[in-house]
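> If you scroll down you'll find the structure; I have some questions about it.
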Amino acid sequence: MSKQRAVTLGFHGKKVVLVGNPNCGKSVVFNALTGMYVDVSNFPGTTVELANAPFGDDTIIDTPGVYGISGFNDEERVTRDVVAEADVIINVVNALHLERDLFLTVQISDLGIPMVIALNMMDEAQRNGLDIDTTELSRRLGVPVIPTVAIKGEGLSELQEALPNARVGVSRPPLQARLEAIHGCVPNRRQALLYLEDDADTIAALRLPSAEQREAIYQERRQFVNDLIEQTVCETREGVSLRTRIGQLMLAPLTGVPLLLLTLLGMYRVLGVLVADRVVGFTEGVIMAEHYEPFIYSIVTKFIDSASPLGTILVGEFGILTMAMTYIFGLLLPLVIAFYLLLAILEDSGYLPRIAVLVDKSLTKIGLNGRAIIPMILGFGCVTMAAITTRLLGSKRERMIAIALLAITIPCSAQIGVITGMIAPLGLRYTAIYFFVMVTTFVLVGTLLNKFLPGKSTDLLIDLPPVRWPQFGNVIKKTLNKSHMFLLEAAPLFVLGALLISIMQLTGALTVVQDVFSPLTVSWLRLPKEAANAFIMGIIRRDFGAAGLAQLALSPEQTLVAMITITLFVPCIAAVLVIFKERNWKESLTLWLSSFFIAFFVGGLIAQFVI
């Protein structure tokens, strides 16, 4: 079958088009209405597949799951083009996510095409305590609304019976005024709406200047949807399962925040105490340091002098076969596996998306949305790993803000252990000052980046799956896959970092850097000259820097200044290399130099007051 036939030649009678968000049950409705006689082919010029089938004397067409028809990607463009030629629309809406799905409903309704709504997954909505007034929803939208549970076949016969009664939805006065203002300039209502929403293809076809009204229309549409939800949906306890009530408690600030704090405390106890201290202590201190390193050293030195440049690079203090392998397999791998295991449990249980929703409003103030909590949590285990996971954020701007906060203000678990051991014995006053400085710096850095970085951050669009017991198979599979991907990406960077540090050691560059640091360390931070060595080691590995400071004879005030500075100091060489990989060199270099400045500026400022 040709691609062209998928659009025109294969259709007969009226074109009944199924439209809906991803995961709304649209495909189940399509299969139930069409039976076995389904034809699938690509839309012309794309890899997007369209399914179509006979539907009585007409043709029914299934479109990709989309959140809008604004031409932002191939799926939206294909859906837009098919909808524009439709005679009747069946809009499948997930009753559990009305606030999200109705935005697309209203956008399609604004096109002026007769429509019927299949309000699907009504059983899930009832189990989650939602009581939806379908009669009032139908009246306010101006189109038939049919409750369905497609997977059980409920409501589908009523949906078919309602198709002849499909109607054009109500037109809101502000939008109608905009459409009337361009009447005569645009051939029809469908093209007029797309033109007003700044659809690039429509503007090019009409050869008109941009209307620049998309944002205003979107805001009006969002407000209309919010009003619909308020007027047609209410929460009830009737029929609500225990799991649903737990999910509601996770989202309510009064109960959700304490639950989140308990979860984070539990994660810290597992990762920061059990894994970072005991497991890593065994894998790094016993397996790698006591067995692997002596073994590999003995083999290499049989053929190469350990004092030679090649010997130094391979098995020296920062050797590729010694330090790099110990970091990767002795230190990072146990932490990575543990983090991804906990993350998979949170995700599979349905709690992780609820954490994102809970913190969304707070993170919005620093230019992020709730999804950014994931790399932030990961950062307390390993900033290198967290920097990689910033890819899940929706825009370049958000990824830059998240990486900056990770690089500057978030201590990794290995560093946390050393810092806690040094700060806690000083008492509540010094501990409180340390936390106050860290939180203040986090908020200020995020706020300034949000204010001055160009562009706009994305809104949180996330499905809330049911709360359930994690599936063992899913958890293990996700953990192993993500840990394997991390090793593939991080291992080469660690090897490169070890090579660079060894070359600096061989050429004397490490000594030069130490000499450069000393005056700033003594006069501004008011710390001993030897503290410069600890900061150099902090570049290689964060907890090495903190541990180096622990070896010095410091007063309580100097300890506070030292811990604040080493926390805000540049991330370890592995994290730096990942950041350079994730961002362009200019942004990464700016971020790296900024972390130097912020660490010494804030640390020195505190030193002027307390020492």
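In the structure tokens, each chain is lettered A, B, ... as it comes, each chain's residues begin at 1, and ligands are numbered from 1 in order of appearance.
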Can you tell me, as a list in words, what residues are no more than 8 Å from Trp469 in chain A when counting only C-alpha atoms, ignoring any on the same chain fewer than 2 positions away?
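Near neighbours after the sequence-gap exclusion: Asp348, Ser349, Val467 and Gln471 of chain A.
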> For Trp524 in chain A, find every residue with an atom within 9 Å (counting only C-alpha atoms), except residues of its own chain fewer than 2 positions away, and show them as a CSV table (one decimal) with C-alpha atoms, in the first residue's frame.

```csv
chain,number,residue,atom,x,y,z
A,519,PRO,CA,47.6,32.6,49.6
A,520,LEU,CA,43.8,32.6,49.1
A,521,THR,CA,43.4,29.7,51.6
A,522,VAL,CA,45.5,31.5,54.3
A,526,ARG,CA,41.9,31.9,57.4
A,527,LEU,CA,42.8,28.3,57.2
A,600,PHE,CA,35.8,30.8,48.2
A,601,PHE,CA,33.5,33.9,48.3
A,603,GLY,CA,33.6,30.4,52.8
A,604,GLY,CA,35.7,33.6,53.1
A,605,LEU,CA,32.6,35.7,54.0
A,607,ALA,CA,35.3,33.3,57.9
A,608,GLN,CA,35.3,37.1,58.4
```
> Looking only at strand (DSSP E or B) from DSSP on the backbone, list the matching residues of range 158-287 of chain A as JSON, numbers by chain.
{"A": [167, 183, 186, 233, 234, 235]}
> Using only C-alpha atoms, determine which residues lie at most 6 Å from Val16 in chain A, disregarding the query and same-chain residues fewer than 6 positions distant; provide the list as an MDAnalysis selection string.
chainID A and resid 60 88:89
> Mind writing the picked residues with all heavy atoms as a PDB file, in the first residue's frame?

```pdb
ATOM      1  N   ILE A  60     -13.085   4.821  10.097  1.00  0.00           N
ATOM      2  CA  ILE A  60     -12.621   5.297  11.397  1.00  0.00           C
ATOM      3  C   ILE A  60     -11.096   5.308  11.402  1.00  0.00           C
ATOM      4  O   ILE A  60     -10.461   4.360  10.922  1.00  0.00           O
ATOM      5  CB  ILE A  60     -13.187   4.448  12.555  1.00  0.00           C
ATOM      6  CG1 ILE A  60     -12.833   5.088  13.911  1.00  0.00           C
ATOM      7  CG2 ILE A  60     -12.692   3.009  12.490  1.00  0.00           C
ATOM      8  CD1 ILE A  60     -13.630   4.506  15.070  1.00  0.00           C
ATOM      9  N   VAL A  88     -16.277  13.778  11.859  1.00  0.00           N
ATOM     10  CA  VAL A  88     -16.705  13.586  13.245  1.00  0.00           C
ATOM     11  C   VAL A  88     -15.472  13.226  14.069  1.00  0.00           C
ATOM     12  O   VAL A  88     -14.608  12.476  13.608  1.00  0.00           O
ATOM     13  CB  VAL A  88     -17.756  12.463  13.371  1.00  0.00           C
ATOM     14  CG1 VAL A  88     -18.154  12.272  14.838  1.00  0.00           C
ATOM     15  CG2 VAL A  88     -18.992  12.763  12.541  1.00  0.00           C
ATOM     16  N   ILE A  89     -15.411  13.746  15.289  1.00  0.00           N
ATOM     17  CA  ILE A  89     -14.311  13.426  16.210  1.00  0.00           C
ATOM     18  C   ILE A  89     -14.854  12.615  17.377  1.00  0.00           C
ATOM     19  O   ILE A  89     -15.864  12.977  17.984  1.00  0.00           O
ATOM     20  CB  ILE A  89     -13.654  14.710  16.764  1.00  0.00           C
ATOM     21  CG1 ILE A  89     -13.034  15.542  15.653  1.00  0.00           C
ATOM     22  CG2 ILE A  89     -12.602  14.361  17.820  1.00  0.00           C
ATOM     23  CD1 ILE A  89     -11.816  14.941  15.015  1.00  0.00           C
TER      24      ILE A  89
END
```
> Rank A:Val280, A:Tyr351, A:Tyr430, A:Ile287 by their smallest atom-to-atom distance to Pro470 in chain A, using only C-alpha atoms, and report the top residue only.
A:Tyr351
> Tell me which protein, DNA and RNA residues are within 12 Å of range 203-218 of chain A, counting only C-alpha atoms, leaving out same-chain ones fewer than 2 positions away, and put them as a CSV table (one decimal) with all heavy atoms, in the first residue's frame.

```csv
chain,number,residue,atom,x,y,z
A,68,GLY,N,-1.7,18.0,22.4
A,68,GLY,CA,-2.2,19.1,21.7
A,68,GLY,C,-2.0,18.9,20.2
A,68,GLY,O,-1.4,18.0,19.7
A,70,SER,N,-0.7,21.4,18.1
A,70,SER,CA,0.0,22.7,17.8
A,70,SER,C,1.2,22.5,16.9
A,70,SER,O,2.0,23.5,16.8
A,70,SER,CB,0.3,23.4,19.1
A,70,SER,OG,-0.8,23.6,19.9
A,71,GLY,N,1.5,21.4,16.4
A,71,GLY,CA,2.6,21.2,15.4
A,71,GLY,C,3.9,21.2,16.0
A,71,GLY,O,4.9,21.6,15.4
A,103,PHE,N,-7.7,19.8,28.1
A,103,PHE,CA,-7.1,20.9,27.3
A,103,PHE,C,-7.2,20.5,25.8
A,103,PHE,O,-7.5,21.4,25.0
A,103,PHE,CB,-5.7,21.1,27.8
A,103,PHE,CG,-5.0,22.3,27.2
A,103,PHE,CD1,-5.1,23.5,27.7
A,103,PHE,CD2,-4.3,22.2,26.0
A,103,PHE,CE1,-4.5,24.7,27.2
A,103,PHE,CE2,-3.7,23.3,25.4
A,103,PHE,CZ,-3.8,24.5,26.0
A,104,LEU,N,-6.8,19.3,25.5
A,104,LEU,CA,-6.9,18.9,24.1
A,104,LEU,C,-8.4,18.8,23.6
A,104,LEU,O,-8.7,19.2,22.5
A,104,LEU,CB,-6.3,17.5,23.9
A,104,LEU,CG,-6.4,16.8,22.6
A,104,LEU,CD1,-5.7,17.6,21.5
A,104,LEU,CD2,-5.9,15.4,22.6
A,106,VAL,N,-10.9,20.8,24.5
A,106,VAL,CA,-11.3,22.1,24.2
A,106,VAL,C,-10.6,22.7,23.0
A,106,VAL,O,-11.3,23.4,22.2
A,106,VAL,CB,-11.1,23.1,25.4
A,106,VAL,CG1,-11.5,24.5,25.1
A,106,VAL,CG2,-11.8,22.5,26.6
A,107,GLN,N,-9.4,22.3,22.7
A,107,GLN,CA,-8.7,22.8,21.5
A,107,GLN,C,-9.4,22.2,20.3
A,107,GLN,O,-9.5,22.9,19.3
A,107,GLN,CB,-7.2,22.4,21.6
A,107,GLN,CG,-6.4,22.9,20.4
A,107,GLN,CD,-4.9,22.5,20.5
A,107,GLN,OE1,-4.6,21.5,21.0
A,107,GLN,NE2,-4.1,23.4,19.9
A,110,ASP,N,-12.7,23.9,19.7
A,110,ASP,CA,-12.6,25.2,19.1
A,110,ASP,C,-12.4,25.2,17.6
A,110,ASP,O,-12.7,26.2,16.9
A,110,ASP,CB,-11.3,25.9,19.7
A,110,ASP,CG,-11.5,26.3,21.2
A,110,ASP,OD1,-12.7,26.3,21.6
A,110,ASP,OD2,-10.5,26.5,21.9
A,172,ARG,N,-16.4,30.0,23.1
A,172,ARG,CA,-16.2,31.0,24.2
A,172,ARG,C,-16.1,32.4,23.6
A,172,ARG,O,-15.5,32.6,22.5
A,172,ARG,CB,-14.9,30.7,25.0
A,172,ARG,CG,-14.9,29.3,25.6
A,172,ARG,CD,-13.7,29.0,26.4
A,172,ARG,NE,-12.4,29.2,25.7
A,172,ARG,CZ,-12.0,28.4,24.7
A,172,ARG,NH1,-12.6,27.4,24.4
A,172,ARG,NH2,-10.9,28.7,24.1
A,173,PRO,N,-16.8,33.3,24.2
A,173,PRO,CA,-16.8,34.7,23.7
A,173,PRO,C,-15.5,35.3,23.3
A,173,PRO,O,-15.3,35.9,22.2
A,173,PRO,CB,-17.5,35.5,24.8
A,173,PRO,CG,-18.4,34.5,25.5
A,173,PRO,CD,-17.6,33.2,25.4
A,174,PRO,N,-14.4,35.2,24.2
A,174,PRO,CA,-13.1,35.8,23.8
A,174,PRO,C,-12.6,35.2,22.5
A,174,PRO,O,-12.0,35.9,21.7
A,174,PRO,CB,-12.2,35.5,25.0
A,174,PRO,CG,-13.1,35.3,26.1
A,174,PRO,CD,-14.4,34.6,25.5
A,175,LEU,N,-12.7,33.9,22.4
A,175,LEU,CA,-12.1,33.2,21.1
A,175,LEU,C,-13.0,33.6,19.9
A,175,LEU,O,-12.5,33.9,18.9
A,175,LEU,CB,-12.1,31.7,21.3
A,175,LEU,CG,-11.7,30.9,20.1
A,175,LEU,CD1,-10.2,31.3,19.7
A,175,LEU,CD2,-11.8,29.4,20.3
A,176,GLN,N,-14.3,33.7,20.1
A,176,GLN,CA,-15.2,34.0,19.0
A,176,GLN,C,-14.9,35.4,18.5
A,176,GLN,O,-14.9,35.7,17.3
A,176,GLN,CB,-16.7,34.0,19.5
A,176,GLN,CG,-17.7,34.0,18.3
A,176,GLN,CD,-17.5,32.9,17.4
A,176,GLN,OE1,-17.2,31.7,17.8
A,176,GLN,NE2,-17.8,33.1,16.1
A,177,ALA,N,-14.6,36.3,19.4
A,177,ALA,CA,-14.2,37.7,19.0
A,177,ALA,C,-12.9,37.7,18.2
A,177,ALA,O,-12.8,38.4,17.2
A,177,ALA,CB,-14.1,38.6,20.2
A,178,ARG,N,-12.0,36.9,18.6
A,178,ARG,CA,-10.7,36.8,17.8
A,178,ARG,C,-10.9,36.2,16.4
A,178,ARG,O,-10.4,36.7,15.4
A,178,ARG,CB,-9.7,35.9,18.6
A,178,ARG,CG,-9.1,36.6,19.8
A,178,ARG,CD,-8.0,35.7,20.4
A,178,ARG,NE,-7.2,36.4,21.4
A,178,ARG,CZ,-7.5,36.4,22.7
A,178,ARG,NH1,-8.5,35.7,23.1
A,178,ARG,NH2,-6.8,37.1,23.5
A,179,LEU,N,-11.8,35.2,16.3
A,179,LEU,CA,-12.1,34.6,15.1
A,179,LEU,C,-12.8,35.6,14.1
A,179,LEU,O,-12.5,35.6,12.9
A,179,LEU,CB,-12.9,33.3,15.3
A,179,LEU,CG,-12.2,32.1,15.9
A,179,LEU,CD1,-13.2,31.0,16.3
A,179,LEU,CD2,-11.1,31.6,15.0
A,181,ALA,N,-12.6,38.7,14.1
A,181,ALA,CA,-11.7,39.8,13.7
A,181,ALA,C,-10.9,39.5,12.5
A,181,ALA,O,-10.5,40.4,11.8
A,181,ALA,CB,-10.7,40.1,14.9
A,182,ILE,N,-10.7,38.2,12.2
A,182,ILE,CA,-9.9,37.8,11.0
A,182,ILE,C,-10.8,37.1,9.9
A,182,ILE,O,-10.4,36.5,9.0
A,182,ILE,CB,-8.8,36.9,11.3
A,182,ILE,CG1,-9.3,35.6,12.0
A,182,ILE,CG2,-7.7,37.6,12.2
A,182,ILE,CD1,-8.2,34.5,12.2
A,185,CYS,N,-10.2,36.9,6.0
A,185,CYS,CA,-8.8,36.8,5.7
A,185,CYS,C,-8.3,35.3,5.7
A,185,CYS,O,-7.2,35.1,5.1
A,185,CYS,CB,-7.9,37.5,6.8
A,185,CYS,SG,-8.3,39.3,6.9
A,186,VAL,N,-9.1,34.4,6.3
A,186,VAL,CA,-8.7,33.0,6.4
A,186,VAL,C,-9.9,32.2,5.9
A,186,VAL,O,-11.0,32.5,6.1
A,186,VAL,CB,-8.4,32.6,7.8
A,186,VAL,CG1,-8.0,31.2,7.9
A,186,VAL,CG2,-7.3,33.6,8.4
A,187,PRO,N,-9.6,31.2,5.1
A,187,PRO,CA,-10.7,30.4,4.4
A,187,PRO,C,-11.8,29.8,5.3
A,187,PRO,O,-12.9,29.8,5.0
A,187,PRO,CB,-9.9,29.3,3.6
A,187,PRO,CG,-8.5,29.8,3.5
A,187,PRO,CD,-8.3,30.7,4.7
A,188,ASN,N,-11.4,29.2,6.4
A,188,ASN,CA,-12.3,28.6,7.3
A,188,ASN,C,-11.9,28.6,8.8
A,188,ASN,O,-10.8,29.1,9.1
A,188,ASN,CB,-12.5,27.1,6.9
A,188,ASN,CG,-11.2,26.3,6.8
A,188,ASN,OD1,-10.5,26.3,7.9
A,188,ASN,ND2,-10.8,25.8,5.7
A,191,GLN,N,-8.6,26.6,9.9
A,191,GLN,CA,-7.4,27.3,9.6
A,191,GLN,C,-7.3,28.6,10.4
A,191,GLN,O,-6.2,29.0,10.8
A,191,GLN,CB,-7.3,27.6,8.1
A,191,GLN,CG,-6.9,26.5,7.3
A,191,GLN,CD,-6.5,26.9,5.9
A,191,GLN,OE1,-7.4,27.5,5.2
A,191,GLN,NE2,-5.3,26.5,5.4
A,192,ALA,N,-8.4,29.3,10.7
A,192,ALA,CA,-8.4,30.5,11.5
A,192,ALA,C,-7.8,30.2,12.9
A,192,ALA,O,-7.0,31.0,13.4
A,192,ALA,CB,-9.8,31.1,11.5
A,193,LEU,N,-8.3,29.2,13.5
A,193,LEU,CA,-7.9,28.8,14.9
A,193,LEU,C,-6.4,28.5,14.9
A,193,LEU,O,-5.6,29.0,15.7
A,193,LEU,CB,-8.6,27.7,15.4
A,193,LEU,CG,-8.2,27.3,16.9
A,193,LEU,CD1,-8.6,28.3,17.9
A,193,LEU,CD2,-8.8,25.9,17.3
A,194,LEU,N,-5.9,27.7,13.9
A,194,LEU,CA,-4.5,27.3,13.8
A,194,LEU,C,-3.7,28.5,13.6
A,194,LEU,O,-2.5,28.7,14.1
A,194,LEU,CB,-4.3,26.3,12.8
A,194,LEU,CG,-4.9,24.9,13.0
A,194,LEU,CD1,-4.8,24.0,11.8
A,194,LEU,CD2,-4.2,24.2,14.2
A,195,TYR,N,-4.2,29.5,12.8
A,195,TYR,CA,-3.4,30.7,12.5
A,195,TYR,C,-3.3,31.5,13.8
A,195,TYR,O,-2.2,32.0,14.1
A,195,TYR,CB,-4.1,31.5,11.4
A,195,TYR,CG,-3.6,32.9,11.3
A,195,TYR,CD1,-2.3,33.2,10.8
A,195,TYR,CD2,-4.4,34.0,11.7
A,195,TYR,CE1,-1.8,34.5,10.7
A,195,TYR,CE2,-3.9,35.3,11.6
A,195,TYR,CZ,-2.6,35.5,11.1
A,195,TYR,OH,-2.1,36.8,11.1
A,196,LEU,N,-4.4,31.7,14.5
A,196,LEU,CA,-4.3,32.4,15.8
A,196,LEU,C,-3.4,31.8,16.8
A,196,LEU,O,-2.8,32.5,17.6
A,196,LEU,CB,-5.7,32.5,16.4
A,196,LEU,CG,-6.7,33.4,15.6
A,196,LEU,CD1,-8.1,33.3,16.3
A,196,LEU,CD2,-6.3,34.9,15.7
A,197,GLU,N,-3.3,30.5,16.7
A,197,GLU,CA,-2.4,29.8,17.7
A,197,GLU,C,-0.9,29.7,17.2
A,197,GLU,O,-0.1,28.9,17.7
A,197,GLU,CB,-2.9,28.4,18.0
A,197,GLU,CG,-4.2,28.4,18.7
A,197,GLU,CD,-4.6,27.0,19.2
A,197,GLU,OE1,-3.8,26.1,19.2
A,197,GLU,OE2,-5.8,26.9,19.7
A,198,ASP,N,-0.6,30.5,16.1
A,198,ASP,CA,0.7,30.6,15.6
A,198,ASP,C,1.3,29.3,15.1
A,198,ASP,O,2.5,29.0,15.2
A,198,ASP,CB,1.7,31.2,16.6
A,198,ASP,CG,1.3,32.6,17.0
A,198,ASP,OD1,0.8,33.3,16.2
A,198,ASP,OD2,1.6,33.0,18.1
A,199,ASP,N,0.4,28.5,14.5
A,199,ASP,CA,0.9,27.2,13.8
A,199,ASP,C,1.7,27.6,12.6
A,199,ASP,O,1.3,28.3,11.7
A,199,ASP,CB,-0.3,26.4,13.4
A,199,ASP,CG,0.1,25.1,12.8
A,199,ASP,OD1,0.4,24.1,13.5
A,199,ASP,OD2,0.1,25.0,11.5
A,200,ALA,N,3.0,27.2,12.6
A,200,ALA,CA,4.0,27.6,11.6
A,200,ALA,C,3.6,27.2,10.2
A,200,ALA,O,3.7,28.0,9.3
A,200,ALA,CB,5.3,27.0,12.0
A,201,ASP,N,3.0,26.0,10.0
A,201,ASP,CA,2.7,25.5,8.7
A,201,ASP,C,1.5,26.3,8.2
A,201,ASP,O,1.4,26.6,7.0
A,201,ASP,CB,2.3,24.0,8.8
A,201,ASP,CG,3.5,23.2,9.1
A,201,ASP,OD1,4.6,23.6,8.8
A,201,ASP,OD2,3.3,22.1,9.7
A,220,GLU,N,-6.6,31.4,28.3
A,220,GLU,CA,-8.0,31.3,28.4
A,220,GLU,C,-8.5,29.9,28.4
A,220,GLU,O,-9.5,29.6,29.2
A,220,GLU,CB,-8.6,32.1,27.2
A,220,GLU,CG,-8.4,33.6,27.2
A,220,GLU,CD,-8.9,34.2,25.8
A,220,GLU,OE1,-9.4,33.5,25.0
A,220,GLU,OE2,-8.6,35.4,25.7
A,221,ARG,N,-7.9,29.1,27.6
A,221,ARG,CA,-8.4,27.7,27.5
A,221,ARG,C,-8.1,26.9,28.8
A,221,ARG,O,-8.9,26.2,29.3
A,221,ARG,CB,-7.6,27.0,26.3
A,221,ARG,CG,-8.1,25.6,26.0
A,221,ARG,CD,-7.4,25.1,24.8
A,221,ARG,NE,-7.9,25.8,23.6
A,221,ARG,CZ,-7.1,26.0,22.5
A,221,ARG,NH1,-5.8,25.6,22.5
A,221,ARG,NH2,-7.6,26.7,21.5
A,222,ARG,N,-6.9,27.2,29.4
A,222,ARG,CA,-6.5,26.6,30.7
A,222,ARG,C,-7.5,27.0,31.8
A,222,ARG,O,-7.9,26.2,32.6
A,222,ARG,CB,-5.1,26.9,31.0
A,222,ARG,CG,-4.6,26.5,32.4
A,222,ARG,CD,-5.0,25.1,32.8
A,222,ARG,NE,-4.4,24.1,31.8
A,222,ARG,CZ,-4.8,22.8,31.7
A,222,ARG,NH1,-5.8,22.4,32.5
A,222,ARG,NH2,-4.2,22.0,30.9
A,223,GLN,N,-7.9,28.3,31.8
A,223,GLN,CA,-8.8,28.8,32.8
A,223,GLN,C,-10.2,28.1,32.6
A,223,GLN,O,-10.9,27.8,33.6
A,223,GLN,CB,-8.9,30.3,32.7
A,223,GLN,CG,-9.8,30.9,33.8
A,223,GLN,CD,-9.3,30.6,35.2
A,223,GLN,OE1,-8.1,30.8,35.5
A,223,GLN,NE2,-10.1,30.1,36.0
A,224,PHE,N,-10.6,28.0,31.3
A,224,PHE,CA,-11.9,27.3,31.0
A,224,PHE,C,-11.9,25.9,31.6
A,224,PHE,O,-12.9,25.5,32.2
A,224,PHE,CB,-12.2,27.4,29.5
A,224,PHE,CG,-13.5,26.8,29.1
A,224,PHE,CD1,-14.7,27.3,29.5
A,224,PHE,CD2,-13.5,25.6,28.3
A,224,PHE,CE1,-15.9,26.7,29.1
A,224,PHE,CE2,-14.7,25.0,28.0
A,224,PHE,CZ,-15.9,25.5,28.4
A,225,VAL,N,-10.8,25.2,31.3
A,225,VAL,CA,-10.7,23.8,31.8
A,225,VAL,C,-10.7,23.8,33.3
A,225,VAL,O,-11.4,22.9,33.9
A,225,VAL,CB,-9.4,23.1,31.2
A,225,VAL,CG1,-9.2,21.8,31.9
A,225,VAL,CG2,-9.5,22.9,29.7
```
> Can you tell me how far CA of Lys456 in chain A sits from CA of Glu75 in chain A, in Å to one decimal?
23.1 Å
> To one decimal in Å, tell me the separation between CA of Arg468 in chain A and CA of Pro22 in chain A.
21.2 Å
> Figure out the distance between CA of Gln219 in chain A and CA of Val116 in chain A, please, to one decimal in Å.
24.2 Å
> Residues near Val315 in chain A, anyone? I mean within 9 Å using only C-alpha atoms, not counting same-chain ones fewer than 4 positions away, as a PDB file with C-alpha atoms, in the first residue's frame.

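In the end it all went to selection33.pdb:
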```pdb
ATOM      1  CA  GLU A 293      45.324  -3.097  43.676  1.00  0.00           C
ATOM      2  CA  ILE A 296      47.343  -5.590  39.495  1.00  0.00           C
ATOM      3  CA  TYR A 297      50.396  -3.694  40.797  1.00  0.00           C
ATOM      4  CA  VAL A 300      52.237  -4.511  35.884  1.00  0.00           C
ATOM      5  CA  THR A 301      55.544  -3.961  37.729  1.00  0.00           C
ATOM      6  CA  SER A 306      56.434   1.749  38.676  1.00  0.00           C
ATOM      7  CA  LEU A 310      53.981   4.791  32.058  1.00  0.00           C
ATOM      8  CA  GLY A 311      54.093   3.040  35.426  1.00  0.00           C
ATOM      9  CA  GLY A 319      46.653   5.276  38.076  1.00  0.00           C
ATOM     10  CA  ILE A 320      44.212   4.139  35.408  1.00  0.00           C
ATOM     11  CA  LEU A 321      44.392   0.544  36.640  1.00  0.00           C
ATOM     12  CA  THR A 322      44.432   1.447  40.341  1.00  0.00           C
ATOM     13  CA  MET A 323      42.596   4.619  41.384  1.00  0.00           C
TER      14      MET A 323
END
```
> Would you mind telling me which residue in A:Val512, A:Ala407, A:Ala344, A:Leu453 lies nearest to Ile573 in chain A when using only C-alpha atoms?
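When distances to Ile573 in chain A are compared using only C-alpha atoms, the smallest one comes from A:Ala407.
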> Could you pull the residues within 12 Å of range 119-125 of chain A, counting only C-alpha atoms, minus those fewer than 5 positions along the same chain, as a PyMOL selection string?
chain A and resi 20-21+23-29+90-98+101-102+105+130-135+137-138+143-156+158-159+233-241+244+464-466
> Given the selection you just returned, output its residues as a file containing C-alpha atoms, formatted as a compact mmCIF listing (two decimals), in the first residue's frame.

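So selection06.txt came out as:
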```txt
# COMPACT_ATOMS: atom_id res chain seq x y z
CA GLY A 20 -6.77 11.57 22.70
CA ASN A 21 -3.81 11.96 25.03
CA ASN A 23 -2.48 6.32 27.73
CA CYS A 24 -6.15 7.34 27.58
CA GLY A 25 -7.32 3.97 26.20
CA LYS A 26 -7.84 5.26 22.67
CA SER A 27 -6.41 2.17 20.99
CA VAL A 28 -8.70 -0.07 23.07
CA VAL A 29 -11.72 1.95 21.88
CA ILE A 90 -14.39 10.80 18.94
CA ASN A 91 -12.31 12.34 21.72
CA VAL A 92 -11.21 9.67 24.21
CA VAL A 93 -10.55 11.25 27.61
CA ASN A 94 -8.95 9.63 30.66
CA ALA A 95 -11.43 10.33 33.47
CA LEU A 96 -8.60 10.01 36.00
CA HIS A 97 -6.68 12.90 34.40
CA LEU A 98 -9.44 15.29 33.33
CA ASP A 101 -6.90 15.68 28.91
CA LEU A 102 -9.63 18.33 28.64
CA THR A 105 -10.70 18.39 24.15
CA LEU A 130 -13.58 11.16 41.81
CA ASP A 131 -17.29 11.84 41.25
CA ILE A 132 -17.77 13.29 37.73
CA ASP A 133 -21.06 14.94 36.74
CA THR A 134 -21.11 13.84 33.09
CA THR A 135 -24.46 15.55 32.41
CA LEU A 137 -19.83 18.34 31.69
CA SER A 138 -21.79 17.63 28.48
CA VAL A 143 -21.18 17.87 23.08
CA PRO A 144 -22.32 14.36 24.12
CA VAL A 145 -20.22 12.82 26.93
CA ILE A 146 -20.43 9.03 27.22
CA PRO A 147 -18.91 7.30 30.30
CA THR A 148 -16.94 4.19 29.26
CA VAL A 149 -14.67 1.46 30.60
CA ALA A 150 -13.27 0.43 27.21
CA ILE A 151 -11.15 -2.45 28.45
CA LYS A 152 -14.37 -4.12 29.76
CA GLY A 153 -16.50 -3.02 26.80
CA GLU A 154 -18.71 -0.85 29.02
CA GLY A 155 -20.34 2.16 27.35
CA LEU A 156 -19.09 1.37 23.83
CA GLU A 158 -23.80 3.89 23.86
CA LEU A 159 -20.81 5.62 22.24
CA VAL A 233 -15.72 17.04 39.55
CA CYS A 234 -15.73 16.47 43.29
CA GLU A 235 -13.85 14.10 45.54
CA THR A 236 -15.65 11.45 47.55
CA ARG A 237 -14.56 8.72 49.94
CA GLU A 238 -17.18 6.31 48.62
CA GLY A 239 -15.56 3.31 46.94
CA VAL A 240 -12.07 4.64 47.50
CA SER A 241 -9.45 1.93 48.04
CA THR A 244 -5.91 5.50 46.68
CA LEU A 464 0.02 9.69 38.43
CA PRO A 465 -0.13 5.89 38.25
CA PRO A 466 -1.97 3.95 40.96
```
> What's around Leu480 in chain A at 10 Å? Count only C-alpha atoms, leave out sequence neighbours fewer than 6 positions away in its own chain, and write the answer as a PyMOL selection string.
chain A and resi 336-337+340-341+486
> Please report, as a ChimeraX atom specification, each residue of range 392-486 of chain A to which DSSP assigns helix (DSSP H, G or I) when run on this structure's backbone.
/A:392,396-409,413-426,428-452,472-486
> Identify which of the residues A:Ala562, A:Ile503, A:Ala599, A:Leu50 lies closest to Glu530 in chain A, counting only C-alpha atoms when measuring atom-to-atom distances.
A:Ala562
> Rank A:Ile355, A:Ile328, A:Ile113, A:Thr232 by their smallest atom-to-atom distance to Thr263 in chain A, using only C-alpha atoms, and report the top residue only.
A:Ile355
> Calculated over only C-alpha atoms, which of the candidates A:Lys365, A:Lys478, A:Arg80, A:Lys586 has the smallest distance to Arg190 in chain A?
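Of A:Lys365, A:Lys478, A:Arg80, A:Lys586, the one nearest Arg190 in chain A is A:Arg80, counting only C-alpha atoms.
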